file upload04.cif (mmCIF, C-alpha atoms)
data_data
loop_
_atom_site.label_atom_id
_atom_site.label_comp_id
_atom_site.auth_asym_id
_atom_site.auth_seq_id
_atom_site.Cartn_x
_atom_site.Cartn_y
_atom_site.Cartn_z
CA MET A 1 116.16 97.14 137.68
CA TRP A 2 117.93 95.43 134.80
CA GLU A 3 119.88 98.61 134.05
CA ASP A 4 120.91 98.93 137.73
CA GLU A 5 122.21 95.36 137.73
CA VAL A 6 124.19 95.96 134.56
CA ARG A 7 125.64 99.17 135.98
CA LYS A 8 126.58 97.48 139.24
CA SER A 9 128.25 94.52 137.56
CA SER A 10 130.22 96.77 135.22
CA GLU A 11 131.60 98.71 138.17
CA GLN A 12 132.87 95.51 139.79
CA VAL A 13 134.85 94.25 136.79
CA GLU A 14 138.26 95.62 135.94
CA THR A 15 139.50 95.38 132.38
CA ARG A 16 142.70 93.54 131.70
CA PRO A 17 145.38 95.55 129.86
CA THR A 18 146.13 93.90 126.54
CA SER A 19 148.19 94.68 123.50
CA ARG A 20 146.56 95.28 120.14
CA GLN A 21 147.98 92.00 118.88
CA THR A 22 146.43 89.88 121.65
CA ARG A 23 142.99 88.41 121.07
CA ILE A 24 140.89 88.14 124.21
CA THR A 25 139.57 84.61 124.69
CA ILE A 26 136.95 82.97 126.88
CA LYS A 27 139.85 81.73 129.01
CA ASP A 28 140.92 85.34 129.67
CA VAL A 29 137.40 86.32 130.70
CA ALA A 30 137.10 83.23 132.91
CA GLU A 31 140.39 83.98 134.67
CA GLU A 32 139.41 87.60 135.19
CA LEU A 33 136.16 86.57 136.88
CA GLY A 34 137.45 83.49 138.65
CA MET A 35 135.01 81.24 136.81
CA SER A 36 135.35 78.13 134.70
CA LYS A 37 135.48 78.47 130.92
CA SER A 38 132.34 76.35 130.70
CA THR A 39 130.39 78.73 132.95
CA VAL A 40 131.54 81.76 130.97
CA SER A 41 130.67 80.09 127.67
CA ARG A 42 127.21 79.08 128.84
CA ALA A 43 126.61 82.53 130.31
CA LEU A 44 127.54 84.22 127.02
CA ASN A 45 125.20 81.89 125.14
CA GLY A 46 122.29 82.58 127.47
CA TYR A 47 121.75 79.10 128.87
CA SER A 48 118.91 78.98 131.39
CA ASP A 49 120.97 77.08 133.99
CA ILE A 50 123.17 80.16 134.45
CA ALA A 51 121.70 82.82 136.75
CA GLN A 52 120.74 86.08 135.06
CA SER A 53 123.00 88.03 137.39
CA THR A 54 125.92 85.85 136.30
CA GLN A 55 125.03 86.29 132.65
CA VAL A 56 125.00 90.07 133.12
CA ARG A 57 128.34 90.04 134.96
CA VAL A 58 130.02 87.87 132.32
CA ALA A 59 128.59 89.91 129.44
CA GLN A 60 129.83 93.15 130.95
CA ALA A 61 133.29 91.71 131.58
CA ALA A 62 133.50 90.39 128.03
CA GLN A 63 132.50 93.76 126.64
CA ARG A 64 134.94 95.72 128.77
CA MET A 65 137.80 93.35 127.95
CA GLY A 66 137.05 93.46 124.23
CA TYR A 67 136.11 89.80 123.86
CA LYS A 68 134.64 88.97 120.44
CA PRO A 69 133.42 85.41 119.79
CA MET A 70 134.68 83.73 116.64
CA ALA A 71 131.54 82.69 114.78
CA GLN A 72 133.04 79.58 113.20
CA ALA A 73 134.46 78.25 116.46
CA GLN A 74 131.25 79.05 118.26
CA ALA A 75 129.19 77.17 115.69
CA ILE A 76 131.41 74.10 116.10
CA ARG A 77 131.23 74.28 119.88
CA THR A 78 127.49 74.91 120.27
CA GLY A 79 126.13 73.48 117.03
CA LEU A 80 124.56 76.88 116.30
CA VAL A 81 125.34 79.44 113.63
CA ARG A 82 123.48 82.10 115.67
CA SER A 83 121.31 83.15 112.75
CA MET A 84 117.53 83.32 112.41
CA GLY A 85 115.69 83.01 109.12
CA LEU A 86 112.81 85.05 107.70
CA VAL A 87 111.34 84.02 104.33
CA PHE A 88 108.76 86.30 102.72
CA ASN A 89 106.29 85.29 100.05
CA VAL A 90 106.37 88.35 97.79
CA GLY A 91 103.96 86.95 95.22
CA GLY A 92 100.26 87.78 95.14
CA HIS A 93 98.76 90.81 96.86
CA GLY A 94 101.87 92.04 98.70
CA SER A 95 100.33 91.87 102.15
CA HIS A 96 103.70 92.31 103.87
CA ARG A 97 104.21 95.87 102.68
CA PRO A 98 102.50 97.89 105.44
CA PHE A 99 104.59 96.49 108.28
CA LEU A 100 107.79 95.28 106.66
CA THR A 101 110.39 97.97 107.44
CA ASN A 102 109.72 98.37 111.16
CA PHE A 103 109.17 94.64 111.58
CA ILE A 104 112.57 93.70 110.15
CA ASP A 105 114.24 96.52 112.05
CA GLY A 106 112.82 95.20 115.33
CA ILE A 107 114.05 91.67 114.65
CA SER A 108 117.48 92.89 113.58
CA GLN A 109 117.94 95.13 116.62
CA ARG A 110 117.06 92.38 119.08
CA ALA A 111 119.15 89.80 117.24
CA SER A 112 122.14 92.15 117.24
CA GLN A 113 121.86 92.64 121.00
CA GLU A 114 122.38 88.88 121.40
CA ASN A 115 125.14 88.74 118.74
CA TRP A 116 122.81 86.91 116.36
CA THR A 117 122.21 87.71 112.70
CA LEU A 118 119.07 87.76 110.58
CA THR A 119 118.90 86.10 107.17
CA VAL A 120 116.06 87.53 105.05
CA THR A 121 115.07 85.89 101.76
CA THR A 122 112.06 85.97 99.45
CA ALA A 123 110.09 83.56 97.32
CA GLN A 124 107.39 84.06 94.71
CA ASN A 125 104.86 81.58 96.08
CA SER A 126 104.13 79.22 98.98
CA GLU A 127 105.98 76.34 97.36
CA GLY A 128 109.04 78.53 96.94
CA VAL A 129 108.88 79.52 100.61
CA LEU A 130 108.99 75.87 101.65
CA GLN A 131 111.89 75.16 99.30
CA THR A 132 113.82 78.12 100.69
CA ILE A 133 113.19 77.03 104.28
CA GLU A 134 114.40 73.53 103.42
CA ARG A 135 117.52 74.87 101.69
CA LEU A 136 118.49 77.24 104.49
CA SER A 137 118.02 74.44 107.03
CA ASN A 138 119.95 71.83 105.08
CA GLU A 139 122.82 74.22 104.42
CA ARG A 140 122.93 75.17 108.11
CA LYS A 141 122.53 78.85 107.25
CA VAL A 142 120.05 79.45 110.09
CA ASP A 143 119.11 77.85 113.42
CA GLY A 144 115.39 78.58 113.25
CA PHE A 145 112.69 80.63 111.56
CA ILE A 146 110.22 83.43 112.21
CA LEU A 147 106.99 82.80 110.30
CA PRO A 148 104.91 85.86 109.35
CA ARG A 149 101.35 85.72 107.98
CA THR A 150 100.37 82.37 109.40
CA ARG A 151 97.60 80.35 107.79
CA VAL A 152 94.80 78.37 109.40
CA LYS A 153 96.50 75.27 107.98
CA ASP A 154 100.12 76.24 107.39
CA PRO A 155 102.48 73.98 105.39
CA ARG A 156 105.52 75.80 106.84
CA VAL A 157 104.47 74.86 110.37
CA GLU A 158 103.87 71.24 109.39
CA TYR A 159 107.29 70.99 107.71
CA LEU A 160 109.22 72.57 110.58
CA ILE A 161 107.52 70.42 113.22
CA GLU A 162 108.10 67.27 111.16
CA HIS A 163 111.81 68.07 110.80
CA ASP A 164 112.26 69.31 114.38
CA ILE A 165 113.38 72.80 113.29
CA PRO A 166 112.76 75.63 115.80
CA PHE A 167 110.32 78.36 114.79
CA ILE A 168 108.16 81.12 116.22
CA MET A 169 105.06 82.44 114.46
CA PHE A 170 103.95 86.03 114.04
CA GLY A 171 100.36 84.98 114.37
CA ARG A 172 98.54 81.82 115.37
CA THR A 173 97.42 78.75 113.45
CA GLY A 174 94.56 76.27 113.47
CA ASP A 175 96.42 73.57 115.41
CA PRO A 176 98.60 75.14 118.13
CA THR A 177 100.38 71.89 119.06
CA TRP A 178 104.19 72.40 119.24
CA CYS A 179 103.79 76.05 118.28
CA GLY A 180 105.06 79.21 119.93
CA TRP A 181 104.04 82.69 118.82
CA PHE A 182 103.76 86.38 119.28
CA ASP A 183 100.51 87.80 117.96
CA ILE A 184 98.31 90.87 118.22
CA GLU A 185 94.74 90.34 119.38
CA GLY A 186 93.12 91.51 116.17
CA GLU A 187 89.90 89.83 117.24
CA LEU A 188 89.75 92.11 120.27
CA ALA A 189 90.22 95.13 118.02
CA MET A 190 87.27 94.08 115.86
CA GLU A 191 85.16 93.60 118.97
CA GLN A 192 86.11 97.07 120.21
CA ALA A 193 85.34 98.59 116.81
CA VAL A 194 81.79 97.21 116.94
CA ALA A 195 81.35 98.50 120.49
CA ARG A 196 82.51 102.00 119.48
CA LEU A 197 80.19 102.13 116.47
CA PHE A 198 77.26 100.92 118.58
CA GLU A 199 77.93 103.66 121.13
CA LEU A 200 77.93 106.20 118.30
CA GLY A 201 74.42 105.05 117.40
CA HIS A 202 75.00 102.59 114.54
CA ARG A 203 72.81 99.50 114.33
CA ARG A 204 73.47 98.39 110.73
CA ILE A 205 77.15 97.42 110.88
CA GLY A 206 78.92 95.61 108.04
CA PHE A 207 82.23 93.77 107.96
CA ILE A 208 84.83 93.33 105.20
CA ASN A 209 87.34 90.61 105.99
CA GLY A 210 90.77 89.78 104.61
CA LEU A 211 91.85 86.55 102.94
CA GLU A 212 90.25 83.81 104.98
CA VAL A 213 93.05 81.32 104.30
CA TYR A 214 95.03 83.35 106.85
CA MET A 215 94.51 82.90 110.56
CA TYR A 216 94.22 86.64 111.25
CA ALA A 217 91.08 86.78 109.08
CA LYS A 218 89.46 83.90 110.92
CA LEU A 219 90.19 85.55 114.27
CA ARG A 220 89.00 89.01 113.17
CA LEU A 221 85.72 87.60 111.88
CA GLU A 222 85.23 85.84 115.21
CA GLY A 223 85.97 89.13 116.99
CA PHE A 224 83.42 90.99 114.86
CA GLU A 225 80.77 88.34 115.55
CA ARG A 226 81.54 88.39 119.27
CA GLY A 227 81.33 92.18 119.32
CA MET A 228 77.94 92.12 117.63
CA ALA A 229 76.65 89.56 120.12
CA LYS A 230 77.88 91.62 123.06
CA VAL A 231 75.93 94.70 121.96
CA GLY A 232 72.86 92.60 121.16
CA LEU A 233 72.95 92.88 117.36
CA GLU A 234 72.35 90.10 114.85
CA VAL A 235 75.01 89.51 112.21
CA THR A 236 73.31 90.04 108.85
CA PRO A 237 74.88 87.58 106.37
CA SER A 238 74.64 90.03 103.46
CA TYR A 239 76.61 92.58 105.54
CA VAL A 240 79.66 90.29 105.78
CA ARG A 241 82.10 90.34 102.83
CA ARG A 242 85.38 88.47 102.37
CA ASP A 243 88.77 88.31 100.69
CA ALA A 244 89.59 92.02 100.41
CA VAL A 245 93.17 93.13 101.06
CA THR A 246 93.75 95.70 98.28
CA GLU A 247 92.05 98.97 97.42
CA ALA A 248 90.46 97.42 94.34
CA GLU A 249 89.09 94.52 96.38
CA GLY A 250 87.89 96.88 99.09
CA GLU A 251 86.13 99.00 96.48
CA ARG A 252 84.47 95.88 95.08
CA GLU A 253 83.20 94.73 98.48
CA GLY A 254 82.26 98.26 99.48
CA GLU A 255 80.13 98.55 96.33
CA ALA A 256 78.39 95.31 97.25
CA LEU A 257 77.52 96.61 100.72
CA LEU A 258 76.53 100.14 99.72
CA SER A 259 74.28 98.88 96.91
CA LEU A 260 72.08 96.88 99.29
CA PRO A 261 68.45 98.08 99.70
CA GLU A 262 69.28 98.89 103.33
CA PRO A 263 73.05 99.41 103.32
CA PRO A 264 75.07 99.44 106.55
CA THR A 265 75.65 102.84 108.09
CA ALA A 266 79.06 101.66 109.37
CA ILE A 267 81.65 99.19 108.13
CA VAL A 268 84.45 97.48 110.04
CA CYS A 269 87.37 96.47 107.80
CA ALA A 270 89.95 93.81 108.67
CA VAL A 271 92.73 95.70 106.82
CA ASP A 272 93.32 99.36 106.01
CA MET A 273 93.89 98.93 102.29
CA ALA A 274 90.42 97.46 101.88
CA ALA A 275 89.00 100.36 103.90
CA LEU A 276 90.58 102.84 101.50
CA GLY A 277 88.84 100.97 98.69
CA VAL A 278 85.51 101.54 100.47
CA TYR A 279 86.34 105.26 100.37
CA ARG A 280 86.35 105.02 96.56
CA ALA A 281 83.05 103.11 96.50
CA ALA A 282 81.44 105.70 98.77
CA LYS A 283 82.72 108.60 96.67
CA LYS A 284 81.13 107.10 93.55
CA ARG A 285 77.78 107.24 95.33
CA GLY A 286 78.30 110.74 96.67
CA LEU A 287 78.53 109.49 100.25
CA ALA A 288 80.66 111.30 102.82
CA ILE A 289 82.92 109.07 104.91
CA GLY A 290 82.41 109.75 108.61
CA ARG A 291 78.93 111.13 108.06
CA ASP A 292 76.92 109.02 105.59
CA VAL A 293 78.97 105.92 106.28
CA SER A 294 81.46 105.33 109.10
CA ILE A 295 84.56 103.16 108.77
CA ILE A 296 86.91 101.67 111.36
CA SER A 297 89.81 99.56 110.16
CA TYR A 298 93.01 97.82 111.25
CA ASP A 299 96.73 98.24 110.46
CA GLY A 300 97.48 101.92 111.09
CA ILE A 301 99.25 102.42 107.74
CA SER A 302 100.39 105.88 106.68
CA GLU A 303 98.00 105.96 103.72
CA GLY A 304 95.14 105.90 106.21
CA GLU A 305 96.54 108.83 108.13
CA PHE A 306 96.65 110.97 104.99
CA ALA A 307 93.35 109.82 103.50
CA ASN A 308 90.47 112.27 103.14
CA PRO A 309 89.12 112.12 105.78
CA PRO A 310 91.87 110.45 107.88
CA LEU A 311 91.05 106.83 108.66
CA THR A 312 90.20 105.68 112.18
CA SER A 313 92.29 102.54 112.59
CA PHE A 314 93.89 100.16 115.05
CA SER A 315 97.66 100.53 114.96
CA VAL A 316 100.30 97.87 115.71
CA ASP A 317 103.85 98.48 116.93
CA ASN A 318 105.56 96.22 114.40
CA ARG A 319 109.05 97.10 115.62
CA GLN A 320 108.17 95.86 119.08
CA ALA A 321 106.60 92.77 117.55
CA GLY A 322 109.85 92.03 115.72
CA GLU A 323 111.84 92.40 118.93
CA CYS A 324 109.54 90.01 120.78
CA LEU A 325 109.68 87.43 117.98
CA ALA A 326 113.48 87.50 117.88
CA ASP A 327 113.65 87.04 121.64
CA LEU A 328 111.18 84.14 121.57
CA LEU A 329 112.99 82.40 118.72
CA ILE A 330 116.35 82.58 120.48
CA ARG A 331 114.74 81.08 123.57
CA ARG A 332 113.13 78.34 121.47
CA ILE A 333 116.45 77.49 119.80
CA ARG A 334 118.07 77.27 123.23
CA GLY A 335 115.56 74.62 124.23
CA ALA A 336 112.51 76.34 125.73
CA SER A 337 109.24 74.47 125.20
CA PRO A 338 107.05 76.12 122.54
CA GLU A 339 104.07 76.02 124.89
CA THR A 340 105.93 78.48 127.15
CA LEU A 341 106.58 80.86 124.25
CA ARG A 342 103.15 82.29 123.54
CA GLN A 343 102.55 86.02 123.89
CA LEU A 344 99.72 88.32 122.84
CA GLY A 345 99.85 92.06 122.35
CA VAL A 346 97.10 94.60 121.71
CA ALA A 347 96.45 97.07 118.93
CA ASN A 348 95.83 100.72 119.82
CA LEU A 349 92.91 102.60 118.33
CA ILE A 350 93.84 105.83 116.56
CA VAL A 351 90.67 107.92 116.40
CA ARG A 352 90.54 110.15 113.34
CA ALA A 353 87.62 111.35 111.21
CA SER A 354 86.22 108.33 109.36
CA ASP A 355 83.66 107.39 112.02
CA GLY A 356 80.88 109.33 113.68
CA PRO A 357 77.19 109.16 114.54
CA PRO A 358 74.85 108.06 111.73
CA VAL A 359 72.98 110.82 109.91
CA HIS A 360 69.72 108.81 110.10
CA PRO A 361 69.88 106.53 113.18
CA SER A 362 68.30 103.11 112.70
#

call {"tool": "encode", "arguments": {"input": "upload04.cif", "output": "structure tokens"}}
result
Amino acid sequence: MWEDEVRKSSEQVETRPTSRQTRITIKDVAEELGMSKSTVSRALNGYSDIAQSTQVRVAQAAQRMGYKPMAQAQAIRTGLVRSMGLVFNVGGHGSHRPFLTNFIDGISQRASQENWTLTVTTAQNSEGVLQTIERLSNERKVDGFILPRTRVKDPRVEYLIEHDIPFIMFGRTGDPTWCGWFDIEGELAMEQAVARLFELGHRRIGFINGLEVYMYAKLRLEGFERGMAKVGLEVTPSYVRRDAVTEAEGEREGEALLSLPEPPTAIVCAVDMAALGVYRAAKKRGLAIGRDVSIISYDGISEGEFANPPLTSFSVDNRQAGECLADLLIRRIRGASPETLRQLGVANLIVRASDGPPVHPS
């Protein structure tokens, strides 16, 4: 439908012949369409008071006529530099790595479609992230921020709300007031993992969570607990392990579970890297993954696909997530209420060979 409208509007607009030396202006586009300069300007900047059909018609005319906005003049006129900021904390365990490339590509593609730019910077710790956000804001380098890896209590969120700086989270946070987000329902994935393992015959199901300072870990634990309740199983405290996001940490927590007098026959992991660590712990004990112990995890990273055996995991379309976040941030910067900018997506289970019926059913 959108494509048909674009095609129709493009057929109705004739391009104006111009010399190479003449720069097409908003005035030229306005005269061509018989509109006011103000209407054309607001249409090009995506203001909600301009009908979508008008925005499409103006955009197509501008493109056909060769109109290119001058960034400096546009910033003066609208107060915007048309740039979004993304600050990564690259210190610590490197939790951004599995999704980074596609995620940034999705943001960049969507930003480019709206003639926005993306400013990506890094910091070595949480304090450095806050300092970078403050600097980019004060220097008017960006109009708002996308916040990945949200925490239950997130200093970035508190700072941005306090200083009235637009932002959109990739994730949720403990206090949702004044917050907009795009997030994947990781808690639903954990619930579905428990249900699948129960259907396969498992009754002793363990859980290895990520870093519980992050909101995703809180939600995934809640999803695991809800899944256990739905199938009528008690959560055994000794079967729940925490703070594992690397292979080494996953191996450590896997050892703790597999060394129990009655170890779990299946383990749900909040992140793939920890699951691959459980592979190592199982191998040390001569246990076969998918037969002696089943594993279902979350992230869908390539290392899981090529593990032996390949890891059953919930996969996320991080490129699509980036596109959604860019779109939501632009809408937030243009004045949309954050309460109207909350979207949830789902992870898709990729069934491989790391889970199966237990050898000795409980």

call {"tool": "closest_residue", "arguments": {"input": "upload04.cif", "among": "A:Met273, A:Ile146, A:Ala266, A:Ile205", "to": "A:Val359", "atoms": "all atoms listed in the file"}}
result
A:Ala266

call {"tool": "resolve_selection", "arguments": {"input": "upload04.cif", "expression": "the PyMOL selection byres ((chain A and resi 345) around 8)", "output": "MDAnalysis selection string"}}
result
chainID A and resid 182:185 343:344 346:347

call {"tool": "atom_distance", "arguments": {"input": "upload04.cif", "atom1": "atom CA of A:Glu225", "atom2": "atom CA of A:Leu257"}}
result
17.3 Å

call {"tool": "residues_around", "arguments": {"input": "upload04.cif", "residues": "A:Ile330", "least_positions_apart": "3", "cutoff": "10 Å", "atoms": "only C-alpha atoms", "output": "ChimeraX atom specification"}}
result
/A:46,82-84,110-111,114,116,143-145,166-168,325-327,333-336

call {"tool": "residues_around", "arguments": {"input": "upload04.cif", "residues": "stretch 153-161 of chain A", "least_positions_apart": "3", "cutoff": "6 Å", "atoms": "only C-alpha atoms", "output": "ChimeraX atom specification"}}
result
/A:164-165,174

call {"tool": "resolve_selection", "arguments": {"input": "upload04.cif", "expression": "the PyMOL selection byres ((chain A and resi 234-238) around 9)", "output": "count of residues only"}}
result
15

call {"tool": "residues_around", "arguments": {"input": "upload04.cif", "residues": "A:Arg285", "least_positions_apart": "5", "cutoff": "10 Å", "atoms": "only C-alpha atoms", "output": "PyMOL selection string"}}
result
chain A and resi 255+258-259+280

call {"tool": "write_last_selection", "arguments": {"input": "upload04.cif", "atoms": "C-alpha atoms", "output": "mmCIF file, in the frame of the given file"}}
result
data_model
loop_
_atom_site.group_PDB
_atom_site.id
_atom_site.type_symbol
_atom_site.label_atom_id
_atom_site.label_comp_id
_atom_site.auth_asym_id
_atom_site.auth_seq_id
_atom_site.Cartn_x
_atom_site.Cartn_y
_atom_site.Cartn_z
ATOM 1 C CA GLU A 255 80.130 98.550 96.330
ATOM 2 C CA LEU A 258 76.530 100.140 99.720
ATOM 3 C CA SER A 259 74.280 98.880 96.910
ATOM 4 C CA ARG A 280 86.350 105.020 96.560
#

call {"tool": "closest_residue", "arguments": {"input": "upload04.cif", "among": "A:Ala281, A:Ala61, A:Cys179, A:Leu136", "to": "A:Thr340", "atoms": "only C-alpha atoms"}}
result
A:Cys179

call {"tool": "resolve_selection", "arguments": {"input": "upload04.cif", "expression": "the PyMOL selection byres ((chain A and resi 245) around 10)", "output": "list in words"}}
result
His93, Gly94, Ser95, Ile208, Asn209, Gly210, Leu211, Arg242, Asp243, Ala244, Thr246, Glu247, Ala248, Glu249, Gly250, Cys269, Ala270, Val271, Asp272, Met273, Ala274, Ala275 and Gly277 of chain A

call {"tool": "closest_residue", "arguments": {"input": "upload04.cif", "among": "A:Pro148, A:Pro309, A:Pro176, A:Gly34", "to": "A:Phe88", "atoms": "all atoms listed in the file"}}
result
A:Pro148

call {"tool": "residues_around", "arguments": {"input": "upload04.cif", "residues": "A:Gln320", "least_positions_apart": "6", "cutoff": "9 Å", "atoms": "only C-alpha atoms", "output": "list in words"}}
result
Asn102, Phe103, Gly106 and Ile107 of chain A

call {"tool": "axis_aligned_box", "arguments": {"input": "upload04.cif", "around": "stretch 254-263 of chain A", "padding_each_side": "6 Å", "output": "lines of an AutoDock Vina configuration file"}}
result
center_x = 75.4
center_y = 97.7
center_z = 99.8
size_x = 25.8
size_y = 16.8
size_z = 19.0

call {"tool": "closest_residue", "arguments": {"input": "upload04.cif", "among": "A:Gly254, A:Gly286, A:Gly186, A:Pro264", "to": "A:His202", "atoms": "all atoms listed in the file"}}
result
A:Pro264

call {"tool": "closest_residue", "arguments": {"input": "upload04.cif", "among": "A:Leu349, A:Leu328, A:Ala62, A:Val278", "to": "A:Gly300", "atoms": "all atoms listed in the file"}}
result
A:Leu349
